[in-house]
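Notes follow once the structure below has been shown.
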Amino acid sequence: MIRVEIPQHLRTLAKVTGEVQLEVEGPVTQRSVLDALEARYPMLRGTIRDHVTLQRRPFLRFFVREEDWSLEQPDKPLPEAVASGKEPFLVIGSIAGG
Amino acid sequence: MSGVRVLVGTRKGAFILTSDGKREKWDISGPQFAGWEIYHMKGSPADPNRIYASQTSGWFGQILQRSSDGGKTWETPGGEQMPKPGEFPSGGSNKFVYDTSGETGKPLTTHQWYDGTQHPWEFKRVWHLEPSLTDPDTCYAGVEDAALFRTTDGGKSWNEISGLRGHGTGASWSPGAGGLGLHTIILDPSNPNRIYIAISAAGAFRTDDGGKTWKPINKGLKSSYIPNPEAETGHCVHHMAIHKSRPGVLFMQKHWDVMRSDNAGDLWKEVSGNLPTDFGFVIDVHAHEPETIYVVPIKSDGEHFPPEGKLRVFRSRKGGNEWEALTKGLPQSNCYVNVLRDAMSVDSLDKCGVYFGTTGGQVYVSADAGDNWIPIVHDLPAVLSVEVQTVQ
């Protein structure tokens, strides 16, 4: 079971509270986690990654255990801590305001 | 007894204001979609309980939601269904992809940028939603960068009506400071093949064949801020309105100048008359009097607030040129709000109600065609859009 934390506005949109838990088949990568997230919650398609290019939206970043994974290749395996469900995969929005 | 439902889009969510036909006591619900910019909400004329809402965010992009119960509950069209095993959801309700095929339209890939160079078309947001007059599942969307999209499945998927950008001048369209937005869509109630649209800062356009081909309808407009003041395109049209009984008569609030056309946009003439300033954003038409029109003059393009700090609606009962200030109930000192292009609407009750919202968060109503005004609410986030439904 993969754990994913998404920003509050996306939790509201997906009608979930707290952490999202997902089953991911095959290698656990950023791409496979986000694919599984969007398959489970279709309303999130386009909100984290662009519909067409699948590029991460500019004001969002991906973190694992305080490490910024935003610029890593999407098919690079995520740490075992995420794959085992020990740690969540974090989708974090930039801070609003100045 | 008839009543009204006012759909208010703001910088930080949507609000729905309801009242009976007297329009004196109001119920306020919201915020819905709290924290999101709601550029526009509009109900279907064919089914008033079907409402479409455009919500946008700098973080998460564009979202389209719809209601089938008059705004009590909302859903992402197509997003509510779990896909079957092995099937990936389309998630197309917020997917706006420009058509670049040679078969359905000229494959435009760039338009003019601020510095005169060519720049890729980039979808940013939906500015305006215009539901079909006859089918609740059909709705048009005006977007930035300027293009017209349509859904025929209740918002689950959207396709560009590509003939508009491909009509010949699309590559020369250039954004105003507020962006290259298609913000006005008018469906001709007497002719399903005729649609009017307006773009900042490209101008007004019309199709007479259901969207396959389009022509600029800007003859008679004069814009001193562009190199050729009478160019075919490049005019910063802020809003347009018609009366449903006379769809060939158009009224326009341009960047500067209030205009009218009596021949479906083929030729415009200025009707600013005695307005204190002819800059502004909104324009609307009385529900029962085709020659009664409303504007809210704003001081200038550099000073987006009412002249003299007085919030005044101006009404002409002669289709322009002769205007009277409507001030009763509106602040007449120290008022420096703006009224944005989609933030005025009218109801169709016997005494026509007129509504508008301000960037200061007030929504005003006049239940007597503009003679007297009261604020329905004082302190909403900045109002982006106001639409009114007259409901049974």
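Chain labels run A, B, ... following the order of the structure tokens; each chain numbers its residues from 1, and ligands are numbered from 1 in the order shown.
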Could you work out which residues of chain A fall inside 9 Å of chain B? Count only C-alpha atoms, and format the result as a PDB file with N, CA and C atoms, in the first residue's frame.
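Result file follows (selection_39.pdb):
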```pdb
ATOM      1  N   HIS A   9      -6.766  21.510  -1.162  1.00  0.00           N
ATOM      2  CA  HIS A   9      -7.754  21.764  -2.215  1.00  0.00           C
ATOM      3  C   HIS A   9      -8.008  20.523  -3.057  1.00  0.00           C
ATOM      4  N   LEU A  10      -6.980  19.722  -3.248  1.00  0.00           N
ATOM      5  CA  LEU A  10      -7.173  18.503  -4.036  1.00  0.00           C
ATOM      6  C   LEU A  10      -7.883  17.426  -3.224  1.00  0.00           C
ATOM      7  N   THR A  12     -10.232  18.107  -1.142  1.00  0.00           N
ATOM      8  CA  THR A  12     -11.637  18.518  -1.253  1.00  0.00           C
ATOM      9  C   THR A  12     -12.208  18.088  -2.594  1.00  0.00           C
ATOM     10  N   LEU A  13     -11.423  18.317  -3.647  1.00  0.00           N
ATOM     11  CA  LEU A  13     -11.898  17.972  -4.989  1.00  0.00           C
ATOM     12  C   LEU A  13     -12.141  16.469  -5.108  1.00  0.00           C
ATOM     13  N   ALA A  14     -11.243  15.680  -4.527  1.00  0.00           N
ATOM     14  CA  ALA A  14     -11.360  14.224  -4.616  1.00  0.00           C
ATOM     15  C   ALA A  14     -12.295  13.645  -3.557  1.00  0.00           C
ATOM     16  N   ASP A  35      -0.044   7.836 -11.703  1.00  0.00           N
ATOM     17  CA  ASP A  35      -1.008   7.127 -12.551  1.00  0.00           C
ATOM     18  C   ASP A  35      -2.083   6.459 -11.683  1.00  0.00           C
ATOM     19  N   GLU A  38      -4.441   9.061 -10.153  1.00  0.00           N
ATOM     20  CA  GLU A  38      -5.417   9.610 -11.103  1.00  0.00           C
ATOM     21  C   GLU A  38      -6.431   8.558 -11.554  1.00  0.00           C
ATOM     22  N   ALA A  39      -6.018   7.289 -11.559  1.00  0.00           N
ATOM     23  CA  ALA A  39      -6.970   6.237 -11.896  1.00  0.00           C
ATOM     24  C   ALA A  39      -8.013   6.084 -10.797  1.00  0.00           C
ATOM     25  N   ARG A  40      -7.551   6.208  -9.567  1.00  0.00           N
ATOM     26  CA  ARG A  40      -8.478   6.076  -8.440  1.00  0.00           C
ATOM     27  C   ARG A  40      -9.354   7.320  -8.296  1.00  0.00           C
ATOM     28  N   TYR A  41      -8.796   8.467  -8.611  1.00  0.00           N
ATOM     29  CA  TYR A  41      -9.519   9.746  -8.473  1.00  0.00           C
ATOM     30  C   TYR A  41      -9.420  10.519  -9.792  1.00  0.00           C
ATOM     31  N   PRO A  42     -10.259  10.191 -10.761  1.00  0.00           N
ATOM     32  CA  PRO A  42     -10.152  10.797 -12.096  1.00  0.00           C
ATOM     33  C   PRO A  42     -10.266  12.320 -12.093  1.00  0.00           C
ATOM     34  N   MET A  43     -10.946  12.866 -11.099  1.00  0.00           N
ATOM     35  CA  MET A  43     -11.093  14.325 -11.062  1.00  0.00           C
ATOM     36  C   MET A  43      -9.761  15.035 -10.820  1.00  0.00           C
ATOM     37  N   LEU A  44      -8.738  14.295 -10.430  1.00  0.00           N
ATOM     38  CA  LEU A  44      -7.429  14.920 -10.189  1.00  0.00           C
ATOM     39  C   LEU A  44      -6.567  14.993 -11.444  1.00  0.00           C
ATOM     40  N   ARG A  45      -7.037  14.364 -12.524  1.00  0.00           N
ATOM     41  CA  ARG A  45      -6.233  14.432 -13.757  1.00  0.00           C
ATOM     42  C   ARG A  45      -6.107  15.878 -14.207  1.00  0.00           C
ATOM     43  N   GLY A  46      -4.920  16.276 -14.520  1.00  0.00           N
ATOM     44  CA  GLY A  46      -4.677  17.637 -14.980  1.00  0.00           C
ATOM     45  C   GLY A  46      -4.345  18.613 -13.868  1.00  0.00           C
ATOM     46  N   THR A  47      -4.581  18.217 -12.618  1.00  0.00           N
ATOM     47  CA  THR A  47      -4.353  19.165 -11.519  1.00  0.00           C
ATOM     48  C   THR A  47      -2.935  19.086 -10.959  1.00  0.00           C
ATOM     49  N   ILE A  48      -2.299  17.929 -11.094  1.00  0.00           N
ATOM     50  CA  ILE A  48      -0.920  17.757 -10.604  1.00  0.00           C
ATOM     51  C   ILE A  48       0.056  17.747 -11.763  1.00  0.00           C
ATOM     52  N   ARG A  49      -0.365  17.080 -12.842  1.00  0.00           N
ATOM     53  CA  ARG A  49       0.441  17.023 -14.064  1.00  0.00           C
ATOM     54  C   ARG A  49      -0.408  17.549 -15.213  1.00  0.00           C
ATOM     55  N   ASP A  50       0.228  18.203 -16.151  1.00  0.00           N
ATOM     56  CA  ASP A  50      -0.479  18.663 -17.337  1.00  0.00           C
ATOM     57  C   ASP A  50      -1.088  17.463 -18.066  1.00  0.00           C
ATOM     58  N   HIS A  51      -2.308  17.667 -18.585  1.00  0.00           N
ATOM     59  CA  HIS A  51      -3.012  16.591 -19.268  1.00  0.00           C
ATOM     60  C   HIS A  51      -2.202  15.963 -20.396  1.00  0.00           C
ATOM     61  N   VAL A  52      -1.580  16.811 -21.178  1.00  0.00           N
ATOM     62  CA  VAL A  52      -0.963  16.339 -22.419  1.00  0.00           C
ATOM     63  C   VAL A  52       0.502  15.974 -22.206  1.00  0.00           C
ATOM     64  N   ARG A  57       2.994  20.417 -12.576  1.00  0.00           N
ATOM     65  CA  ARG A  57       2.602  21.827 -12.590  1.00  0.00           C
ATOM     66  C   ARG A  57       3.642  22.670 -11.853  1.00  0.00           C
ATOM     67  N   PRO A  58       3.877  23.903 -12.333  1.00  0.00           N
ATOM     68  CA  PRO A  58       5.010  24.674 -11.812  1.00  0.00           C
ATOM     69  C   PRO A  58       4.964  24.971 -10.318  1.00  0.00           C
ATOM     70  N   PHE A  59       3.777  25.127  -9.747  1.00  0.00           N
ATOM     71  CA  PHE A  59       3.692  25.497  -8.335  1.00  0.00           C
ATOM     72  C   PHE A  59       3.632  24.285  -7.409  1.00  0.00           C
ATOM     73  N   LEU A  60       3.870  23.100  -7.935  1.00  0.00           N
ATOM     74  CA  LEU A  60       3.834  21.887  -7.115  1.00  0.00           C
ATOM     75  C   LEU A  60       5.205  21.220  -7.122  1.00  0.00           C
ATOM     76  N   GLY A  93       2.235  22.056  -2.471  1.00  0.00           N
ATOM     77  CA  GLY A  93       2.066  23.305  -3.219  1.00  0.00           C
ATOM     78  C   GLY A  93       2.936  24.397  -2.637  1.00  0.00           C
ATOM     79  N   SER A  94       3.361  25.320  -3.490  1.00  0.00           N
ATOM     80  CA  SER A  94       4.157  26.432  -2.993  1.00  0.00           C
ATOM     81  C   SER A  94       3.319  27.280  -2.047  1.00  0.00           C
TER      82      SER A  94
END
```
Residues flagged strand (DSSP E or B) by DSSP in stretch 152-382 of chain B, as a ChimeraX atom specification
/B:159-160,176,179,181-187,195-200,203-207,215-216,237-242,250-254,256,258-261,269-270,279-285,293-298,313-316,324-326,342,344-346,354-357,363-366,374-377
Please run DSSP on the backbone and report, as an NGL selection string, all residues within stretch 11-47 of chain A that come out as helix (DSSP H, G or I).
:A and (11-14 or 30-40 or 42-44)
Given only C-alpha atoms as the basis, pick out the residue of B:Phe281, B:Trp158, B:Trp113, B:Tyr196 nearest to B:Ala171.
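Looking only at the distances to B:Ala171, the closest residue turns out to be B:Trp113.
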Do a neighbour search on A:Pro27 at 12 Å with only C-alpha atoms, toss out local chain neighbours closer than 3 positions, and write the hits as an mmCIF file with C-alpha atoms, in the first residue's frame.
```
data_model
loop_
_atom_site.group_PDB
_atom_site.id
_atom_site.type_symbol
_atom_site.label_atom_id
_atom_site.label_comp_id
_atom_site.auth_asym_id
_atom_site.auth_seq_id
_atom_site.Cartn_x
_atom_site.Cartn_y
_atom_site.Cartn_z
ATOM 1 C CA ILE A 2 1.414 3.346 -1.087
ATOM 2 C CA GLU A 23 -2.274 -0.049 -4.660
ATOM 3 C CA VAL A 24 0.474 0.306 -7.258
ATOM 4 C CA GLN A 30 6.595 8.858 -9.400
ATOM 5 C CA ARG A 31 4.848 8.015 -12.653
ATOM 6 C CA SER A 32 3.231 4.810 -11.396
ATOM 7 C CA VAL A 33 2.119 6.453 -8.154
ATOM 8 C CA ALA A 36 -2.590 5.106 -9.736
ATOM 9 C CA PRO A 74 9.474 10.039 -13.432
ATOM 10 C CA ASP A 75 10.420 6.376 -13.872
ATOM 11 C CA LYS A 76 13.183 6.353 -11.255
ATOM 12 C CA PRO A 77 12.202 3.922 -8.466
ATOM 13 C CA LEU A 78 11.081 5.685 -5.313
ATOM 14 C CA PRO A 79 12.780 4.785 -2.008
ATOM 15 C CA GLU A 80 11.830 1.539 -0.343
ATOM 16 C CA VAL A 82 7.602 4.746 0.051
ATOM 17 C CA ALA A 83 7.229 1.406 -1.711
ATOM 18 C CA SER A 84 6.687 -0.337 1.607
#
```
Residues within 8 Å of B:His239, only C-alpha atoms, excluding chain neighbours under 4 positions, as a list in words
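Near neighbours after the sequence-gap exclusion: His183, Thr184, Ala198, Met252, Gln253, Lys254, Phe281, Val282, Ile283, Arg341 and Asp342 of chain B.
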Which polymer residues have any atom within 9 Å of an atom of B:Ser44, counting only C-alpha atoms, with same-chain residues fewer than 2 positions away left out, as a VMD selection string?
chain B and resid 42 46 to 52 130 to 139
Which polymer residues have any atom within 9 Å of an atom of A:Phe62, counting only C-alpha atoms, with same-chain residues fewer than 3 positions away left out, as a VMD selection string?
chain A and resid 30 56 67 to 71 89 to 93
Show which residues sit within 9 Å of B:Val313, as a list of chain:residue names. Count only C-alpha atoms, and ignore same-chain residues fewer than 2 positions away.
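What passes the distance filter is B:Tyr294, B:Val295, B:Val296, B:Pro297, B:Leu311, B:Arg315, B:Glu324, B:Ala325, B:Leu326, B:Thr327, B:Leu330, B:Gly370.
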Residues from last step as file, N, CA and C atoms, as a PDB file, in the first residue's frame:
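The new file part25.pdb reads:
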```
ATOM      1  N   TYR B 294     -27.633  49.313 -19.764  1.00  0.00           N
ATOM      2  CA  TYR B 294     -26.947  49.722 -18.539  1.00  0.00           C
ATOM      3  C   TYR B 294     -25.429  49.601 -18.713  1.00  0.00           C
ATOM      4  N   VAL B 295     -24.705  50.555 -18.174  1.00  0.00           N
ATOM      5  CA  VAL B 295     -23.245  50.470 -18.082  1.00  0.00           C
ATOM      6  C   VAL B 295     -22.816  51.024 -16.724  1.00  0.00           C
ATOM      7  N   VAL B 296     -21.604  50.711 -16.336  1.00  0.00           N
ATOM      8  CA  VAL B 296     -21.009  51.300 -15.129  1.00  0.00           C
ATOM      9  C   VAL B 296     -19.707  51.971 -15.556  1.00  0.00           C
ATOM     10  N   PRO B 297     -19.718  53.274 -15.753  1.00  0.00           N
ATOM     11  CA  PRO B 297     -18.496  53.956 -16.210  1.00  0.00           C
ATOM     12  C   PRO B 297     -17.370  53.863 -15.180  1.00  0.00           C
ATOM     13  N   LEU B 311     -20.097  55.551  -7.164  1.00  0.00           N
ATOM     14  CA  LEU B 311     -20.494  54.342  -7.890  1.00  0.00           C
ATOM     15  C   LEU B 311     -21.854  54.592  -8.533  1.00  0.00           C
ATOM     16  N   ARG B 315     -28.046  54.474 -17.159  1.00  0.00           N
ATOM     17  CA  ARG B 315     -29.092  53.800 -17.935  1.00  0.00           C
ATOM     18  C   ARG B 315     -29.484  54.687 -19.115  1.00  0.00           C
ATOM     19  N   GLU B 324     -28.760  58.463 -18.078  1.00  0.00           N
ATOM     20  CA  GLU B 324     -29.088  59.031 -16.773  1.00  0.00           C
ATOM     21  C   GLU B 324     -28.332  58.256 -15.703  1.00  0.00           C
ATOM     22  N   ALA B 325     -27.867  58.969 -14.702  1.00  0.00           N
ATOM     23  CA  ALA B 325     -27.141  58.331 -13.607  1.00  0.00           C
ATOM     24  C   ALA B 325     -28.126  57.743 -12.608  1.00  0.00           C
ATOM     25  N   LEU B 326     -27.893  56.508 -12.196  1.00  0.00           N
ATOM     26  CA  LEU B 326     -28.707  55.839 -11.189  1.00  0.00           C
ATOM     27  C   LEU B 326     -27.850  55.714  -9.935  1.00  0.00           C
ATOM     28  N   THR B 327     -28.274  56.379  -8.878  1.00  0.00           N
ATOM     29  CA  THR B 327     -27.405  56.498  -7.704  1.00  0.00           C
ATOM     30  C   THR B 327     -28.071  56.094  -6.392  1.00  0.00           C
ATOM     31  N   LEU B 330     -26.538  53.569  -3.880  1.00  0.00           N
ATOM     32  CA  LEU B 330     -25.133  53.275  -4.196  1.00  0.00           C
ATOM     33  C   LEU B 330     -24.230  54.310  -3.539  1.00  0.00           C
ATOM     34  N   GLY B 370     -33.326  49.629 -11.879  1.00  0.00           N
ATOM     35  CA  GLY B 370     -32.204  50.545 -11.677  1.00  0.00           C
ATOM     36  C   GLY B 370     -32.519  51.785 -10.886  1.00  0.00           C
TER      37      GLY B 370
END
```
